[in-house]
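Colleague: Sharing entry.txt, compact mmCIF, C-alpha atoms:
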# COMPACT_ATOMS: atom_id res chain seq x y z
CA MET A 1 -16.55 9.20 -21.25
CA LEU A 2 -17.10 7.96 -17.69
CA LYS A 3 -18.98 10.47 -15.59
CA LYS A 4 -16.96 11.84 -12.71
CA ARG A 5 -17.69 10.76 -9.14
CA ILE A 6 -17.59 12.73 -5.89
CA ILE A 7 -16.63 10.39 -3.05
CA PRO A 8 -16.53 11.27 0.66
CA CYS A 9 -14.22 9.13 2.77
CA LEU A 10 -14.75 7.96 6.34
CA ASP A 11 -11.37 7.28 7.97
CA ILE A 12 -12.27 5.15 10.99
CA LYS A 13 -10.27 4.74 14.20
CA ASP A 14 -11.75 3.08 17.29
CA GLY A 15 -15.20 3.18 15.69
CA THR A 16 -15.29 6.93 15.07
CA THR A 17 -14.48 9.11 12.05
CA VAL A 18 -11.11 10.89 12.24
CA LYS A 19 -9.03 13.15 10.02
CA GLY A 20 -5.42 14.24 10.11
CA ILE A 21 -2.74 15.87 7.96
CA ASN A 22 -0.13 13.75 6.12
CA PHE A 23 -1.56 10.72 7.98
CA GLU A 24 -0.69 12.30 11.38
CA GLY A 25 -2.43 14.34 14.11
CA LEU A 26 -5.85 12.68 13.92
CA ARG A 27 -8.89 14.52 15.25
CA ASN A 28 -12.48 13.45 15.71
CA ALA A 29 -14.74 14.23 12.74
CA GLY A 30 -18.05 12.70 13.87
CA ASP A 31 -20.22 9.62 13.96
CA PRO A 32 -19.67 7.48 10.84
CA VAL A 33 -23.29 6.34 10.53
CA GLU A 34 -24.61 9.91 10.77
CA LEU A 35 -22.04 11.12 8.25
CA ALA A 36 -22.93 8.31 5.84
CA VAL A 37 -26.61 9.28 5.96
CA LYS A 38 -25.72 12.94 5.44
CA TYR A 39 -23.56 12.20 2.40
CA GLU A 40 -26.18 10.03 0.76
CA GLN A 41 -28.76 12.80 1.23
CA GLU A 42 -26.37 15.43 -0.14
CA GLY A 43 -25.81 13.52 -3.37
CA ALA A 44 -22.48 11.73 -2.92
CA ASP A 45 -21.89 9.23 -5.72
CA GLU A 46 -20.13 6.67 -3.55
CA LEU A 47 -18.81 6.31 -0.01
CA VAL A 48 -15.45 4.90 1.11
CA PHE A 49 -14.87 3.49 4.62
CA LEU A 50 -11.23 2.93 5.63
CA ASP A 51 -10.43 1.36 8.99
CA ILE A 52 -7.07 3.11 9.12
CA THR A 53 -5.53 1.28 12.10
CA ALA A 54 -6.73 -2.26 11.36
CA THR A 55 -3.48 -3.30 9.67
CA LEU A 56 -1.27 -1.62 12.28
CA GLU A 57 -3.25 -3.27 15.09
CA ASP A 58 -3.27 -6.59 13.23
CA ARG A 59 -7.04 -7.00 13.36
CA LYS A 60 -9.98 -7.17 10.98
CA THR A 61 -12.25 -4.31 9.91
CA PHE A 62 -15.28 -3.57 12.10
CA ALA A 63 -17.89 -5.69 10.27
CA ASP A 64 -20.69 -4.60 12.64
CA LEU A 65 -20.05 -0.92 11.91
CA VAL A 66 -19.90 -1.69 8.18
CA ARG A 67 -23.29 -3.38 8.51
CA LYS A 68 -24.82 -0.37 10.32
CA ILE A 69 -23.59 2.03 7.65
CA ALA A 70 -24.57 -0.20 4.73
CA ARG A 71 -28.16 -0.39 5.99
CA GLN A 72 -28.42 3.38 5.53
CA LEU A 73 -27.00 3.51 2.00
CA SER A 74 -28.18 2.96 -1.54
CA ILE A 75 -24.99 4.33 -3.16
CA PRO A 76 -21.93 2.13 -3.79
CA PHE A 77 -19.97 1.48 -0.59
CA THR A 78 -16.26 0.58 -0.54
CA VAL A 79 -14.65 -0.81 2.62
CA GLY A 80 -10.95 -1.19 3.43
CA GLY A 81 -8.64 -1.95 6.34
CA GLY A 82 -7.17 -5.22 7.59
CA ILE A 83 -8.40 -7.28 4.63
CA SER A 84 -6.09 -10.17 3.76
CA SER A 85 -8.17 -13.15 2.62
CA VAL A 86 -11.14 -14.36 0.59
CA GLU A 87 -12.99 -14.95 3.84
CA ASP A 88 -12.41 -11.35 5.00
CA VAL A 89 -13.92 -10.07 1.76
CA ARG A 90 -16.86 -12.45 1.93
CA LYS A 91 -17.72 -11.24 5.45
CA LEU A 92 -17.62 -7.59 4.42
CA LEU A 93 -19.71 -8.16 1.29
CA GLU A 94 -22.23 -10.04 3.43
CA ALA A 95 -22.22 -7.05 5.82
CA GLY A 96 -23.22 -4.78 2.93
CA ALA A 97 -20.04 -3.57 1.25
CA ASP A 98 -20.20 -3.32 -2.55
CA LYS A 99 -16.44 -3.13 -3.09
CA ILE A 100 -13.40 -3.79 -0.94
CA SER A 101 -10.11 -1.93 -0.82
CA ILE A 102 -6.78 -3.63 -0.16
CA ASN A 103 -3.43 -1.96 0.33
CA SER A 104 -0.74 -3.44 2.60
CA SER A 105 -1.94 -7.00 2.08
CA ALA A 106 -1.73 -6.59 -1.70
CA VAL A 107 1.85 -5.31 -1.49
CA LYS A 108 2.80 -8.19 0.84
CA ASN A 109 1.11 -10.78 -1.40
CA PRO A 110 0.31 -9.45 -4.90
CA GLN A 111 -1.35 -12.75 -5.86
CA LEU A 112 -4.10 -11.86 -3.36
CA ILE A 113 -5.38 -9.39 -5.99
CA ARG A 114 -5.75 -12.18 -8.54
CA GLU A 115 -7.31 -14.51 -5.99
CA LEU A 116 -9.93 -11.96 -4.90
CA SER A 117 -10.62 -10.85 -8.47
CA ASN A 118 -11.19 -14.44 -9.58
CA GLU A 119 -13.48 -15.10 -6.62
CA PHE A 120 -15.57 -11.92 -6.59
CA GLY A 121 -14.94 -10.16 -9.91
CA SER A 122 -12.51 -7.34 -10.65
CA GLN A 123 -15.30 -4.74 -10.36
CA CYS A 124 -15.32 -5.51 -6.62
CA ILE A 125 -11.58 -5.13 -6.01
CA VAL A 126 -10.05 -1.70 -5.37
CA VAL A 127 -6.31 -1.48 -4.81
CA ALA A 128 -5.47 1.51 -2.63
CA ILE A 129 -2.04 3.03 -3.11
CA ASP A 130 -0.55 5.45 -0.58
CA THR A 131 2.24 7.31 -2.36
CA ARG A 132 4.87 9.81 -1.31
CA PHE A 133 7.62 11.55 -3.28
CA THR A 134 10.75 10.21 -1.57
CA ASP A 135 14.38 10.77 -2.61
CA GLY A 136 13.38 11.69 -6.14
CA SER A 137 10.92 8.83 -6.68
CA ASP A 138 7.20 8.16 -6.16
CA LEU A 139 7.22 5.31 -3.67
CA VAL A 140 4.44 3.16 -2.26
CA TYR A 141 3.88 3.21 1.50
CA VAL A 142 2.09 0.58 3.59
CA ARG A 143 0.87 -0.03 7.15
CA GLY A 144 -1.18 3.16 7.29
CA GLY A 145 1.55 5.21 5.64
CA LYS A 146 4.13 4.25 8.27
CA LEU A 147 6.41 2.08 6.16
CA ALA A 148 8.09 2.91 2.85
CA THR A 149 8.53 0.18 0.28
CA THR A 150 10.85 0.00 -2.72
CA LEU A 151 7.86 -0.19 -5.08
CA HIS A 152 7.48 2.63 -7.58
CA THR A 153 3.93 3.94 -7.62
CA VAL A 154 3.19 3.87 -11.36
CA GLU A 155 4.71 0.42 -11.84
CA TRP A 156 2.81 -0.97 -8.86
CA ALA A 157 -0.46 0.48 -10.18
CA LYS A 158 0.14 -1.23 -13.53
CA GLU A 159 0.97 -4.53 -11.85
CA ALA A 160 -2.13 -4.33 -9.63
CA VAL A 161 -4.35 -3.84 -12.66
CA ALA A 162 -2.65 -6.69 -14.52
CA LEU A 163 -3.40 -8.93 -11.54
CA GLY A 164 -7.09 -8.02 -11.58
CA ALA A 165 -7.69 -4.74 -9.73
CA GLY A 166 -10.81 -3.08 -11.10
CA GLU A 167 -10.01 0.34 -9.68
CA ILE A 168 -7.12 2.28 -8.12
CA LEU A 169 -7.58 4.55 -5.10
CA LEU A 170 -4.51 6.80 -5.23
CA THR A 171 -3.72 8.83 -2.12
CA SER A 172 -0.94 11.40 -2.15
CA MET A 173 0.47 11.35 1.37
CA ASP A 174 2.18 14.67 0.66
CA GLY A 175 -1.21 16.24 -0.03
CA ASP A 176 -3.28 14.40 2.59
CA GLY A 177 -5.25 16.84 4.74
CA THR A 178 -3.30 19.88 3.55
CA LYS A 179 -6.12 21.35 1.42
CA ASN A 180 -3.48 22.51 -1.06
CA GLY A 181 -5.06 20.64 -3.95
CA PHE A 182 -4.78 17.14 -5.38
CA ASP A 183 -1.36 15.98 -6.52
CA LEU A 184 -1.99 16.46 -10.22
CA ARG A 185 1.41 15.12 -11.28
CA ILE A 186 1.19 11.64 -9.76
CA THR A 187 -2.54 11.43 -10.45
CA ARG A 188 -1.89 12.17 -14.12
CA LEU A 189 0.93 9.62 -14.32
CA VAL A 190 -1.09 6.81 -12.76
CA SER A 191 -4.40 7.56 -14.49
CA GLU A 192 -2.66 7.60 -17.89
CA ALA A 193 -0.76 4.38 -17.15
CA VAL A 194 -3.72 2.12 -16.29
CA SER A 195 -6.93 1.11 -18.05
CA VAL A 196 -9.21 1.11 -14.99
CA PRO A 197 -10.84 4.01 -13.12
CA VAL A 198 -8.57 5.98 -10.80
CA ILE A 199 -9.83 7.85 -7.74
CA ALA A 200 -7.70 10.86 -6.76
CA SER A 201 -7.26 11.38 -3.02
CA GLY A 202 -5.27 13.69 -0.79
CA GLY A 203 -5.29 17.48 -0.67
CA ALA A 204 -8.79 18.62 -1.68
CA GLY A 205 -9.49 22.06 -0.25
CA SER A 206 -11.74 23.89 -2.69
CA VAL A 207 -14.10 23.50 -5.63
CA ASN A 208 -11.28 24.50 -7.96
CA ASP A 209 -9.18 21.55 -6.79
CA PHE A 210 -11.87 19.19 -8.12
CA VAL A 211 -12.13 21.17 -11.37
CA GLN A 212 -8.37 20.88 -11.85
CA VAL A 213 -8.09 17.17 -11.13
CA PHE A 214 -10.90 16.37 -13.57
CA HIS A 215 -9.66 18.75 -16.28
CA GLU A 216 -5.96 17.96 -16.00
CA THR A 217 -5.88 14.20 -15.28
CA LYS A 218 -7.82 11.12 -16.33
CA ALA A 219 -9.07 10.48 -12.79
CA THR A 220 -12.74 9.48 -12.84
CA GLY A 221 -13.34 10.00 -9.13
CA ALA A 222 -12.20 12.49 -6.52
CA LEU A 223 -12.21 11.60 -2.86
CA ALA A 224 -12.15 13.99 0.09
CA ALA A 225 -12.77 13.90 3.79
CA SER A 226 -12.33 16.97 6.00
CA ILE A 227 -13.84 19.51 3.60
CA PHE A 228 -17.03 17.42 3.61
CA HIS A 229 -16.94 16.42 7.30
CA PHE A 230 -16.63 20.03 8.45
CA ASN A 231 -19.05 21.47 5.85
CA GLU A 232 -16.40 23.56 4.12
CA VAL A 233 -17.55 22.48 0.65
CA PRO A 234 -21.13 21.13 0.48
CA ILE A 235 -21.41 18.26 -2.03
CA GLN A 236 -24.47 19.68 -3.81
CA GLU A 237 -22.76 23.03 -4.29
CA LEU A 238 -19.61 21.32 -5.53
CA LYS A 239 -21.54 19.32 -8.12
CA GLN A 240 -23.35 22.42 -9.37
CA GLN A 241 -20.03 24.23 -9.80
CA LEU A 242 -18.56 21.28 -11.69
CA LYS A 243 -21.54 21.25 -14.04
CA THR A 244 -20.95 24.92 -14.84
CA GLN A 245 -17.38 23.91 -15.80
CA LYS A 246 -18.81 21.38 -18.29
CA ILE A 247 -17.51 18.45 -16.24
CA PRO A 248 -19.79 15.40 -16.65
CA ILE A 249 -21.02 14.49 -13.17
CA ARG A 250 -23.18 11.58 -12.12
Go through the file and emit its structure as structure tokens.
Modeller:
Amino acid sequence: MLKKRIIPCLDIKDGTTVKGINFEGLRNAGDPVELAVKYEQEGADELVFLDITATLEDRKTFADLVRKIARQLSIPFTVGGGISSVEDVRKLLEAGADKISINSSAVKNPQLIRELSNEFGSQCIVVAIDTRFTDGSDLVYVRGGKLATTLHTVEWAKEAVALGAGEILLTSMDGDGTKNGFDLRITRLVSEAVSVPVIASGGAGSVNDFVQVFHETKATGALAASIFHFNEVPIQELKQQLKTQKIPIR
């Protein structure tokens, strides 16, 4: 069994860390470099950096900021936002990223997944899926959650993996920032449908939410932002609690 991973997420806008609810109402959550250092020291298993307005603003991810953060880290570091080519990925890997995350660009051009996987290896390619329950279906959203597609979430996850995705980062937009718990239903459906690791994201508010997502789905990672940024659930304490629940943690 793969050991479970605790993954803080830095949502970046204009070079600073932000956090909102349901992808709206963003507020400042601190300096990304300082937060990265803090999370490494606290025992995070990985760190995710998402430049959340890069696609909307039609620009590339802040490579200089990625470089500054990467210099401080020894844990795996995933970077996403505005990535649409082999050259974009190469620049970010050279800046210190270990993995890259693509979302809107993969939906627009699914063959990009295959191209990047062939060039850099599937272990490097994370396909992020923003999903919302809409009119009775789980649909994929793009452009920072602003635009609904006709893609069904589970089917898109399966297609992404078939094309070469080595991991799925699944964010429930309905749960995002609410602290009402991970969306166990869609996380279960996706994690049972694909053969690669799935990271659950959206809705973490307590230790019990992590216990539930690991006990009740096949997710191998759980990502959270505000509860870590604002010291509501310290990572070390969370990992100790998970161990007492017999959940295998890195």
Colleague: Distance atom CA of Ser195 of chain A-atom CA of Gln212 of chain A, one decimal place?
Modeller: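 Between atom CA of Ser195 of chain A and atom CA of Gln212 of chain A the gap is 20.8 Å.
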Colleague: Which residues are near Lys239 of chain A? Cut-off 9 Å, only C-alpha atoms, ignore same chain within fewer than 6 positions. Put them as a list in words.
Modeller: Ile6, Gly43, Val207, Ile249 and Arg250 of chain A
Colleague: What separation in Å, quoted to one decimal, exists between atom CA of Gly202 of chain A and atom CA of Asp174 of chain A?
Modeller: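 Atom CA of Asp174 of chain A lies at a distance of 7.7 Å from atom CA of Gly202 of chain A.
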Colleague: Between A:Gly82, A:Gly121, A:Gly15, A:Gly144, single out the one closest to Met173 of chain A, counting all atoms listed in the file.
Modeller: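 Between A:Gly82, A:Gly121, A:Gly15, A:Gly144, the residue approaching Met173 of chain A most closely is A:Gly144.
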Colleague: Report, in Å with one decimal, the straight-line distance from atom CA of Thr171 of chain A to atom CA of Ser201 of chain A.
Modeller: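 One can read the atom CA of Thr171 of chain A to atom CA of Ser201 of chain A distance as 4.5 Å.
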Colleague: Draw an axis-aligned box over all listed atoms of segment 105-117 of chain A, pad each side with 4 Å, and write its centre and edge lengths in Å, one decimal, as AutoDock Vina command-line options.
Modeller:
--center_x -3.9 --center_y -9.9 --center_z -3.2 --size_x 21.4 --size_y 17.2 --size_z 18.6
Colleague: Which one is closest to Ala128 of chain A: A:Ala165, A:Leu147, A:Gly181, A:Glu115? Count only C-alpha atoms.
Modeller: A:Ala165
Colleague: Name all residues at most 10 Å from Arg185 of chain A (count only C-alpha atoms; drop same-chain ones fewer than 2 positions away) and give them as JSON, numbers by chain.
Modeller: {"A": [182, 183, 187, 188, 189, 190, 213, 216, 217]}
Colleague: Could you name the residues that touch Leu92 of chain A at 9 Å or less, counting only C-alpha atoms, but leaving out those on the same chain fewer than 3 positions away, as a PyMOL selection string?
Modeller: chain A and resi 61-63+66-67+79+87-89+95-100
Colleague: Could those selected residues go to a file with C-alpha atoms, as a short mmCIF file (atom, residue, chain, number, x, y, z; two decimals), in the coordinates of the input?
Modeller:
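Result file is out-v9.cif:
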data_model
loop_
_atom_site.label_atom_id
_atom_site.label_comp_id
_atom_site.auth_asym_id
_atom_site.auth_seq_id
_atom_site.Cartn_x
_atom_site.Cartn_y
_atom_site.Cartn_z
CA THR A 61 -12.25 -4.31 9.91
CA PHE A 62 -15.28 -3.57 12.10
CA ALA A 63 -17.89 -5.69 10.27
CA VAL A 66 -19.90 -1.69 8.18
CA ARG A 67 -23.29 -3.38 8.51
CA VAL A 79 -14.65 -0.81 2.62
CA GLU A 87 -12.99 -14.95 3.84
CA ASP A 88 -12.41 -11.35 5.00
CA VAL A 89 -13.92 -10.07 1.76
CA ALA A 95 -22.22 -7.05 5.82
CA GLY A 96 -23.22 -4.78 2.93
CA ALA A 97 -20.04 -3.57 1.25
CA ASP A 98 -20.20 -3.32 -2.55
CA LYS A 99 -16.44 -3.13 -3.09
CA ILE A 100 -13.40 -3.79 -0.94
#
Colleague: Name all residues at most 8 Å from Phe210 of chain A (count all atoms listed in the file; drop same-chain ones fewer than 6 positions away) and give them as a list in words.
Modeller: Phe182, Ala204, Ala222 and Leu242 of chain A
Colleague: Please save C-alpha atoms of the selected residues as a CSV table (one decimal), keeping the file's coordinate frame.
Modeller:
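out-v9.csv, freshly written:
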chain,number,residue,atom,x,y,z
A,182,PHE,CA,-4.8,17.1,-5.4
A,204,ALA,CA,-8.8,18.6,-1.7
A,222,ALA,CA,-12.2,12.5,-6.5
A,242,LEU,CA,-18.6,21.3,-11.7
Colleague: For Asp11 of chain A, which residue among A:Gly81, A:Gly164, A:Pro76, A:Gly175 is the nearest when counting all atoms listed in the file?
Modeller: A:Gly81
Colleague: Would you mind listing what lies within 10 Å of Val211 of chain A as a tab-separated table (two decimals) with C-alpha atoms, in the frame of the given file, with all atoms listed in the file counted and same-chain residues fewer than 5 positions away left out?
Modeller:
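Result file around-v3.tsv:
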chain	number	residue	atom	x	y	z
A	206	SER	CA	-11.74	23.89	-2.69
A	216	GLU	CA	-5.96	17.96	-16.00
A	222	ALA	CA	-12.20	12.49	-6.52
A	238	LEU	CA	-19.61	21.32	-5.53
A	241	GLN	CA	-20.03	24.23	-9.80
A	242	LEU	CA	-18.56	21.28	-11.69
A	243	LYS	CA	-21.54	21.25	-14.04
A	245	GLN	CA	-17.38	23.91	-15.80
A	246	LYS	CA	-18.81	21.38	-18.29
A	247	ILE	CA	-17.51	18.45	-16.24
Colleague: Can you save segment 184-206 of chain A of the given block to a file, including C-alpha atoms and formatted as a CSV table (one decimal), in the first residue's frame?
Modeller:
chain,number,residue,atom,x,y,z
A,184,LEU,CA,-15.7,11.8,-0.5
A,185,ARG,CA,-18.2,10.8,-3.2
A,186,ILE,CA,-16.3,12.2,-6.2
A,187,THR,CA,-12.9,11.4,-4.7
A,188,ARG,CA,-14.0,7.8,-4.3
A,189,LEU,CA,-15.3,7.6,-7.8
A,190,VAL,CA,-12.1,9.0,-9.4
A,191,SER,CA,-9.7,7.2,-7.2
A,192,GLU,CA,-11.4,3.8,-7.9
A,193,ALA,CA,-11.5,4.6,-11.7
A,194,VAL,CA,-7.8,5.2,-12.3
A,195,SER,CA,-4.6,3.3,-11.7
A,196,VAL,CA,-2.4,6.3,-10.6
A,197,PRO,CA,-2.2,8.2,-7.3
A,198,VAL,CA,-5.1,10.6,-6.7
A,199,ILE,CA,-4.7,13.7,-4.4
A,200,ALA,CA,-7.9,14.9,-2.8
A,201,SER,CA,-8.4,18.6,-2.5
A,202,GLY,CA,-11.1,21.0,-1.5
A,203,GLY,CA,-12.9,21.2,1.9
A,204,ALA,CA,-10.3,20.1,4.6
A,205,GLY,CA,-11.3,21.6,7.9
A,206,SER,CA,-10.3,19.1,10.6
